[in-house]
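A quick write-up on the structure given underneath.
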Amino acid sequence: MAALKKPGMARAFLGFLIGGGIGFGVVVALRAISGLEIFNTEPSGYPHVIVPAITAPLGFLVGIGGFTYWFKWALGKPTEPEDHSDHGASSWKDYFKFNTDHKVIGIQYIVTTFFFFILGGLAAMGIRAELAQPGTQIVDPQFFNGLFSTHAAFMIFLFIIPIFAGIGNYVIPLMIGAPDMAFPRLNALSFWMLPMAGLLFVASYFAPGGAFDAGWTGYAPLATGAPLGQSFFNLGVQFAGASSIAAALNFLVTIITMRAPGMTFWRMPLFAWANLSTSLLIVAATPFIAGAQFMVFFDRILNTNFFEAAFGGDVLAYQHIFWFYSHPAVYIMILPGFGIISEVISTHARKPIFGYRLMALALIGIVVLSYAVWAHHMFVSGMFSWLRVPMMITTVLIAVPTGIKIFNWLGTLFDSVLHLKSTAMLFSLGFLVTFVIGGISGVMLGMVPIDIHVSDTYFVVAHIHFVLFGGSVFTIFAGLYHWFPKMTGKMYDERLGRIHFWGTLIGMLGTFIPMHWIGLEGMPRRVADYAAVWGDWNLVISIFSFILGAAQLVFIYNAVVSWKWGPDAGPNPWRARTIEWLVSSPPPRFNFDEIPRVVGGPYEFGVPGARHAIMHSGEGAEVKPAEPAVAGTAGGGGSP
Amino acid sequence: MAAVTRQTILRLVAAIVLVTVVSSIVMLIPDWNGPQASAEAKDIDTLFRTMILISCVVFSTVMVLLGYAVWKFRAKPGDESDGKPVHGNTRLEIIWTAIPTVIVLFGGIYSWIVLNNIESEAAERLPIEVTAQQFAWTFEYPEQGVVSDELHVPVDTQLELHLTALDVIHSFWVPEWRIKRDLVPIAEGNPTDVDNVVRVTPTQEGRFQLVCTELCGLGHATMRAIVVVESRDEFEQWLAEQEESQGGSEGAASEDEGAGA
């Protein structure tokens with residue numbers, strides 16, 4: 001009984017049941033009083049299911065302790081002073097608690113989102129199994145549509161976006177010399193909203209009519225008339241979105257106000273710059289998808305007719321609102337990756353980042369431009385036709401800051417000491433190859449006449465997987481390998497890492513390159529069946545996709561075994577310069593005994609006597625820190 | 001520490017040119033988009049092939065530089081030294097900001113020109129009402145009052161397709177024509193801004209397939225229709241046959257519009 005009173009898993013499950021029960025009871029009671037049929041089972045109805053689908057997760061969050069402090073404070077009761085007893089984790093059980101330590105939350109994020117990566121991956125394997133041959137063999141069209149919709153929803157909302165928040169959570173405070181995130185309780189709540197979103201997405205499989213099947217884009221009016229599962233999508237996106245917005249606010253405040261003394265913006269590591277840029281996108285753009293999903297939800301259950309043409313609604317408005325978020329979302333899913341690549345390439349090639357300031361400015365350029373390109377998803381939608389050309393110009397221009405980053409990374413690699421055996425480095429180099437391909441097909445898709453032909457074909461499927469898998473996922477693996485020793489204190493097996501890398505690269509190229517070809521020839525996307533002429537290529541694609549899936553098992557094995565039995569990594573196995581590497585692995589419970597003092601740029605490899613940070617006040621006296629130039633002065637790329 | 005000399009730069013440029021030439025040849029051999037069957041297809045394919053060529057230059061540049069860096073600067077076992085502390089080079093950075101800007105703007109303007117070409121109106125156009133619903137296509141020839149579930153059109157005549165969806169969004173695509181446009185549900189009588197007219201000029205006779213490319217529900221994958229492009233005479237004959245057979249029962253539904261035309 002005591003366990004049910006204390007914030008924790010037991011009370012969370014109780015809260016879940018009570019919350020669900022209240023929601024159910026209120027609906028039944030109100031409908032009974034109003035004289036309505038108690039159980040409305042129209043496909044888009046089911047109030048007795050969807051109201052509990054809102055209240056049960058809220059009950060869980062109350063139960064886990066997400067609101068305890070704020071409730072007490074709001075009610076004027078004495079709040080418990082923060083005794084930091086919940087900081088750190090001494091056993092696996094501590095990861096199942098409402099913990100306010102950014103390092104624990106980072107691990108919670110990473111492990112949870114990786115679980116959703118596996119679910120999304122299983123859905124992908126199901127898709128490829130069905131598409132290995134023309135015709136319908138394994139799943140019916142309804143289940144198939146559910147598979148690709150949930151695949152994308154898991155991968156985008158519950159893997160790529162939040163795992164970057166997880167890596168950032170762990171690394172950013174350490175990197176900028178802060179003891180924790182700015183709002184630790186909000187940080188913990190941000191994390192705990194994610195499993196709720198996942199629960200709703202998974203639960204949709206058990207709804208009458210099956211999992212949501214209108215694609216992750218959920219276009220109205222297909223989504224407004226879809227079966228119950230679609231409501232679970234609408235609600236799941238709210239939890240994932242709220243989590244994302246809260247985390248982004250936290251990052252913004254942390255990065256802007258909690259940097260160690262001496263860390264000016266121009267001395268900030270590029271991963272911090274990337275998180276700052278991403279957070280600027282999230283806080284302003286994510287409310288739009290929340291709004292779009294609420295409007296669909298209200299159309300479904302309250303007959304609001306936002307998008308019902310027959311009642312004066314505007315069908316295309318959904319797409320404008322949706323893409324006003326979802327195009328910036330593409331950059332939300334890649335900018336943190338750009339930051340990771342900068343850290344990894346600089347450290348594992350032992351060289352300062354080439355053109356550091358331009359790298360940071362390119363991030364900001366992308367943030368600004370990415371708000372002005374959304375309608376390139378709608379070139380064939382029948383939207384106001386005049387809008388196409390300006391959006392095409394902004395779309396091709398956004399390739400410029402991205403191109404700058406690619407060339408500056410190449411510049412960093414020249415005259416470097418490139419450690420090719422490091423798996424993090426391999427994933428970064430692989431990223432440069434695959435992301436360039438994705439970028440090139442992206443510029444092509446931005447051109448209206450080409451887009452008219454290839455829109456909604458497998459060419460688009462190929463493109464988004466080159467940028468989201470070849471881009472985002474490769475950077476995620478680069479980051480996970482890079483910081484694994486810091487997070488766990490253990491070294492992973494580089495040989496298994498290389499097997500994972502080559503399996504992933506070969507599987508990825510074999511899966512997604514042929515998709516360009518069949519798309520150009522005329523195979524539309526999101527089809528459960530296709531013309532027999534594409535049978536051979538689809539079989540090839542499916543075989544490579546299974547290789548890609550199997551390669552991820554190597555990573556899971558490597559991570560689990562190394563975490564438990566790997567050799568000690570020591571504080572700084574990569575001889576990196578940024579602050580997170582200047583503390584022990586894993587870092588002390590409160591990060592720093594003393595707040596570090598930043599005295600130079602973060603990537604001063606090869607500069608004699610240069611330091612990024614001084615960790616103890618006594619140290620500064622004997623070391624006279626060199627003040628190296630940040631950019632544009634030293635050396636000429638051409639002649640020595 | 002190996003430095004990048006003038007000779008190295010020349011060799012790299014030569015390698016980039018070589019790889020560009022080889023990759024361009026390989027990439028331009030296949031007929032990526034399949035047979036061309038409309039006037040618009042030619043312009044679109046030429047733009048696409050131009051972009052493939054430019055892409056080969058960009059891709060080869062990045063791959064040669066990356067390959068060279070990995071081959072030349074990889075660490076020897078046990079080498080714990082640092083690289084050369086170069087922080088940047090303003091001139092180089094300006095170059096690789098400016099050149100991509102010029103390239104993408106060229107692509108953008110070229111695309112704009114192509115877009116204007118493929119959307120230009122011919123003096124004589126054949127209007128056809130295209131209606132999509134889960135999961136079927138209907139084609140109506142308003143001037144004759146003929147309704148069909150096959151799209152018959154005369155060759156070398158610009159079609160003016162008026163697109164309407166009855167339930168959810170569908171999309172009209174004949175891959176050989178390269179032309180695609182969504183069909184959006186529009187309420188009759190309500191003002192709307194939806195651009196639901198698309199023009200295309202078939203130039204090849206034959207049978208093609210019309211494909212729905214916007215996810216529209218469980219039957220999406222099988223929502224197809226037959227497109228027959230035939231000579232003017234064959235088309236007129238088909239139309240006359242349809243007019244005759246639909247004079248009674250089926251034609252009644254569209255008689256109002258037919259009479260008005």
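By convention in this document, the chains of the structure tokens carry letters A, B, ... by their order, each chain's residues are numbered from 1, and ligands are numbered from 1 in the order they are shown.
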
*Using only C-alpha atoms, determine which residues lie at most 6 Å from range 354-369 of chain A, disregarding the query and same-chain residues fewer than 3 positions distant; provide the list as a PyMOL selection string.*
(chain A and resi 372+401+408+411-412+631) or (chain B and resi 87-88)

*Please return as a PyMOL selection string: the residues of range 113-194 of chain A that backbone DSSP assigns to alpha helix (DSSP H).*
chain A and resi 113-131+141-155+161-175+184-194

_Neighbouring residues of Leu210 in chain B were defined as those with any atom within 6 Å, considering only C-alpha atoms; residues of the same chain fewer than 3 positions away were excluded. Please report them as a ChimeraX atom specification._
/B:173-174,224-225

*as a count of residues only, list the residues of range 1-242 of chain B assigned to strand (DSSP E or B) by DSSP on the backbone atoms of this structure.*
62

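CA of Arg388 in chain A to CA of Phe59 in chain B spans 27.1 Å [interatomic distance, one decimal].
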
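Comparing A:Val315, A:Ile110, A:Ala12, A:Val139 by their smallest distance to chain B, the closest is A:Val315 (using only C-alpha atoms).
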
_At a cut-off of 8 Å, using only C-alpha atoms, what residues contact Ala462 in chain A? Leave out same-chain residues fewer than 3 positions from it and give the result as a ChimeraX atom specification._
/A:458-459,465-466,512-513,515-516
